[in-house]
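K.L.:
Questions regarding the structure given below will be posed in turn.
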Amino acid sequence: MNDAVIQLLVLAAIALFLVIRLKNVLGTRTGFEKPPLSPPGPRNDVIRDFEVIEGGPDRDITDHVDDGSESAKALAAMKMAEPGFSVTEFVGGARQAYEMILMAFENGDLSSVQGFLSEDVYEAFLSVISDREDKGLSIDANFIGVRETMVQEAEFDRDTSEGMVTLKFVGELTSVVRDSEGTIVEGNPNEIKKQRDVWTFAREMGAEDPNWKLVATGG
């Protein structure tokens, strides 16, 4: 046996020895080993830091008044007293009521809107209409549209469950005042004017009657 063959046998024996040692130290994977344990550390704490918090501001309220304001708290209390109440729907209804009531007043006939007026407001409107009639005056008005509707303030009386919402309206209309002979004494039928009003509506929340009533007016 020459030296080259002897060296090959020695190297083969060393290699076999190393393979056996590695198997004893590392073992073999059979497919049933337990999964490795998670590394220690504040991983769960980090996950908790990123948990999504449910809830938040009620957009039906914050779309109309500042979050956390007294008006926002009052509107939230109204929704608790009457879960079906929607501020957005109320504002839309008030916008329509504004046109109906304003035009009924301008035309001098409140019969169609009397149910939406408090007794005090009805009497005040009726007084102005009667005064116009006594002077032989009439108003010829044409409503163009509402350009702005904004909630200015909201209040809620927990003792009576009465909700009160004050809104600012900016409407556009043409309006002229005519005397008993039909002659224009004020205004221009071709001129669109802006009508600014601040009205307060009230209603007992949770009551069977769904109608809000106009309880105060201003400019």
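Labeling convention for the structure tokens: chains A, B, ... as they appear, residues from 1 per chain, ligands from 1 in order of appearance.
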Which residues are near range 120-122 of chain A? Cut-off 7 Å, only C-alpha atoms, ignore same chain within fewer than 4 positions. Put them as a list in words.
P.N.:
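Within the cut-off, the hits are Gln114, Leu126, Val215 and Ala216 of chain A.
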K.L.:
Leaving out range 190-194 of chain A and any residue of its chain fewer than 4 positions from it, which residues lie within 6 Å of it when counting only C-alpha atoms, given as a PyMOL selection string?
P.N.:
chain A and resi 171-174
K.L.:
Between A:Val113, A:Val151, A:Ile139, A:Val146, which has the minimum distance to Gly187 in chain A (counting only C-alpha atoms)?
P.N.:
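Closest residue, counting only C-alpha atoms: A:Ile139.
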K.L.:
Could you pull out all residues of range 20-205 of chain A with a DSSP call of strand (DSSP E) and give them as number ranges by chain?
P.N.:
A: 138-157, 162-178, 184-187, 193-204
K.L.:
Between A:Arg95, A:Arg132, A:Arg203, A:Lys213, which one has atoms that come closest to Gly145 in chain A, using only C-alpha atoms?
P.N.:
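Smallest separation from Gly145 in chain A among the options: A:Arg95.
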K.L.:
Residues near Asp134 in chain A, anyone? I mean within 12 Å using only C-alpha atoms, not counting same-chain ones fewer than 6 positions away, as an MDAnalysis selection string.
P.N.:
chainID A and resid 127:128 179:180
K.L.:
Convert the current residue selection to file output with N, CA, C and O atoms, as a compact mmCIF listing (two decimals), in the first residue's frame.
P.N.:
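So result-v9.txt came out as:
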```txt
# COMPACT_ATOMS: atom_id res chain seq x y z
N SER A 127 -99.76 88.76 13.79
CA SER A 127 -99.87 90.19 14.07
C SER A 127 -99.27 91.01 12.93
O SER A 127 -99.84 92.03 12.50
N VAL A 128 -98.10 90.56 12.41
CA VAL A 128 -97.45 91.28 11.31
C VAL A 128 -98.31 91.19 10.04
O VAL A 128 -98.48 92.18 9.31
N ASP A 179 -99.19 97.92 -2.95
CA ASP A 179 -100.30 98.55 -2.24
C ASP A 179 -101.62 97.94 -2.71
O ASP A 179 -101.64 96.99 -3.50
N SER A 180 -102.71 98.50 -2.25
CA SER A 180 -104.03 97.93 -2.56
C SER A 180 -104.36 97.98 -4.05
O SER A 180 -105.22 97.23 -4.53
```
K.L.:
Record the distance separating CA of Val87 in chain A and CA of Asp63 in chain A, expressed in Å with one decimal.
P.N.:
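It comes out at 9.1 Å.
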K.L.:
Excluding Leu117 in chain A and its own-chain neighbours fewer than 6 positions away, which residues fall within 12 Å of it when counting only C-alpha atoms? Please give them as number ranges by chain.
P.N.:
A: 97-98, 100-102, 104-105, 110-111, 123-126, 199-203, 211-217
K.L.:
Hey, can you spit out that residue selection with N, CA, C and O atoms as a tab-separated table (two decimals), in the first residue's frame?
P.N.:
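File written: result-v1.tsv
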```
chain	number	residue	atom	x	y	z
A	97	ALA	N	-88.49	73.14	6.31
A	97	ALA	CA	-89.48	73.88	7.10
A	97	ALA	C	-89.26	75.38	6.98
A	97	ALA	O	-90.23	76.16	6.96
A	98	TYR	N	-88.00	75.79	6.88
A	98	TYR	CA	-87.68	77.21	6.75
A	98	TYR	C	-88.34	77.79	5.50
A	98	TYR	O	-88.98	78.85	5.55
A	100	MET	N	-90.93	76.58	3.82
A	100	MET	CA	-92.39	76.52	3.93
A	100	MET	C	-92.93	77.63	4.82
A	100	MET	O	-93.88	78.34	4.45
A	101	ILE	N	-92.31	77.80	5.99
A	101	ILE	CA	-92.81	78.79	6.94
A	101	ILE	C	-92.56	80.21	6.43
A	101	ILE	O	-93.44	81.08	6.53
A	102	LEU	N	-91.36	80.44	5.87
A	102	LEU	CA	-91.04	81.77	5.37
A	102	LEU	C	-92.00	82.19	4.27
A	102	LEU	O	-92.53	83.32	4.26
A	104	ALA	N	-95.02	80.99	3.66
A	104	ALA	CA	-96.37	81.14	4.21
A	104	ALA	C	-96.52	82.51	4.87
A	104	ALA	O	-97.56	83.18	4.72
A	105	PHE	N	-95.48	82.95	5.56
A	105	PHE	CA	-95.50	84.27	6.19
A	105	PHE	C	-95.52	85.37	5.14
A	105	PHE	O	-96.30	86.33	5.23
A	110	LEU	N	-100.92	81.41	7.08
A	110	LEU	CA	-100.19	80.51	7.96
A	110	LEU	C	-100.90	79.18	8.19
A	110	LEU	O	-100.42	78.35	8.95
A	111	SER	N	-102.03	78.97	7.55
A	111	SER	CA	-102.84	77.78	7.84
A	111	SER	C	-102.09	76.48	7.60
A	111	SER	O	-102.26	75.50	8.34
A	123	GLU	N	-98.69	83.78	16.94
A	123	GLU	CA	-99.35	85.06	17.23
A	123	GLU	C	-98.53	86.23	16.73
A	123	GLU	O	-99.08	87.22	16.21
A	124	ALA	N	-97.19	86.15	16.84
A	124	ALA	CA	-96.33	87.23	16.36
A	124	ALA	C	-96.40	87.36	14.85
A	124	ALA	O	-96.52	88.47	14.31
A	125	PHE	N	-96.34	86.23	14.15
A	125	PHE	CA	-96.45	86.26	12.69
A	125	PHE	C	-97.81	86.79	12.26
A	125	PHE	O	-97.93	87.60	11.32
A	126	LEU	N	-98.85	86.32	12.93
A	126	LEU	CA	-100.21	86.72	12.57
A	126	LEU	C	-100.40	88.22	12.78
A	126	LEU	O	-101.09	88.88	11.99
A	199	TRP	N	-83.38	80.88	13.72
A	199	TRP	CA	-84.60	80.29	14.25
A	199	TRP	C	-84.25	79.19	15.25
A	199	TRP	O	-83.28	78.44	15.06
A	200	THR	N	-85.09	79.07	16.26
A	200	THR	CA	-84.92	78.02	17.27
A	200	THR	C	-86.11	77.07	17.22
A	200	THR	O	-87.27	77.51	17.31
A	201	PHE	N	-85.80	75.79	17.08
A	201	PHE	CA	-86.82	74.75	17.06
A	201	PHE	C	-86.73	73.95	18.35
A	201	PHE	O	-85.64	73.75	18.90
A	202	ALA	N	-87.88	73.46	18.83
A	202	ALA	CA	-87.91	72.69	20.08
A	202	ALA	C	-88.85	71.50	19.94
A	202	ALA	O	-89.81	71.52	19.15
A	203	ARG	N	-88.54	70.48	20.74
A	203	ARG	CA	-89.37	69.27	20.73
A	203	ARG	C	-89.04	68.42	21.95
A	203	ARG	O	-87.90	68.39	22.41
A	211	ASN	N	-92.91	66.05	15.14
A	211	ASN	CA	-92.72	67.40	14.62
A	211	ASN	C	-92.02	68.33	15.61
A	211	ASN	O	-92.38	68.39	16.78
A	212	TRP	N	-91.02	69.04	15.10
A	212	TRP	CA	-90.39	70.12	15.85
A	212	TRP	C	-91.20	71.38	15.62
A	212	TRP	O	-91.82	71.56	14.57
A	213	LYS	N	-91.17	72.29	16.60
A	213	LYS	CA	-91.91	73.54	16.46
A	213	LYS	C	-90.94	74.72	16.52
A	213	LYS	O	-89.96	74.72	17.28
A	214	LEU	N	-91.24	75.71	15.72
A	214	LEU	CA	-90.46	76.95	15.74
A	214	LEU	C	-90.90	77.75	16.97
A	214	LEU	O	-92.07	78.13	17.09
A	215	VAL	N	-89.96	77.99	17.90
A	215	VAL	CA	-90.31	78.65	19.17
A	215	VAL	C	-89.71	80.04	19.29
A	215	VAL	O	-90.11	80.79	20.19
A	216	ALA	N	-88.76	80.40	18.44
A	216	ALA	CA	-88.15	81.73	18.51
A	216	ALA	C	-87.55	82.09	17.16
A	216	ALA	O	-87.07	81.22	16.43
A	217	THR	N	-87.58	83.38	16.83
A	217	THR	CA	-87.02	83.86	15.58
A	217	THR	C	-86.13	85.07	15.84
A	217	THR	O	-86.32	85.79	16.83
```
K.L.:
Give me, as a PyMOL selection string, all polymer residues having an atom no more than 7 Å from Phe169 in chain A, counting only C-alpha atoms and skipping those fewer than 3 positions away in the same chain.
P.N.:
chain A and resi 148-150+196-198
K.L.:
Which is closest to Val65 in chain A among A:Ser112, A:Gly93, A:Thr88, A:Glu186, if we use only C-alpha atoms?
P.N.:
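Going through A:Ser112, A:Gly93, A:Thr88, A:Glu186 one by one, the smallest distance to Val65 in chain A is for A:Thr88.
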K.L.:
Using only C-alpha atoms, determine which residues lie at most 9 Å from Asp140 in chain A, disregarding the query and same-chain residues fewer than 2 positions distant; provide the list as a count of residues only.
P.N.:
10
K.L.:
Got a sec to tell me which of range 51-190 of chain A DSSP assigns to alpha helix (DSSP H), as a ChimeraX atom specification?
P.N.:
/A:59-62,70-81,87-107,119-134
K.L.:
Have a look at A:Glu181, A:Ser161, A:Glu99, A:Thr166 and name the one nearest to Phe143 in chain A; count only C-alpha atoms.
P.N.:
A:Glu99
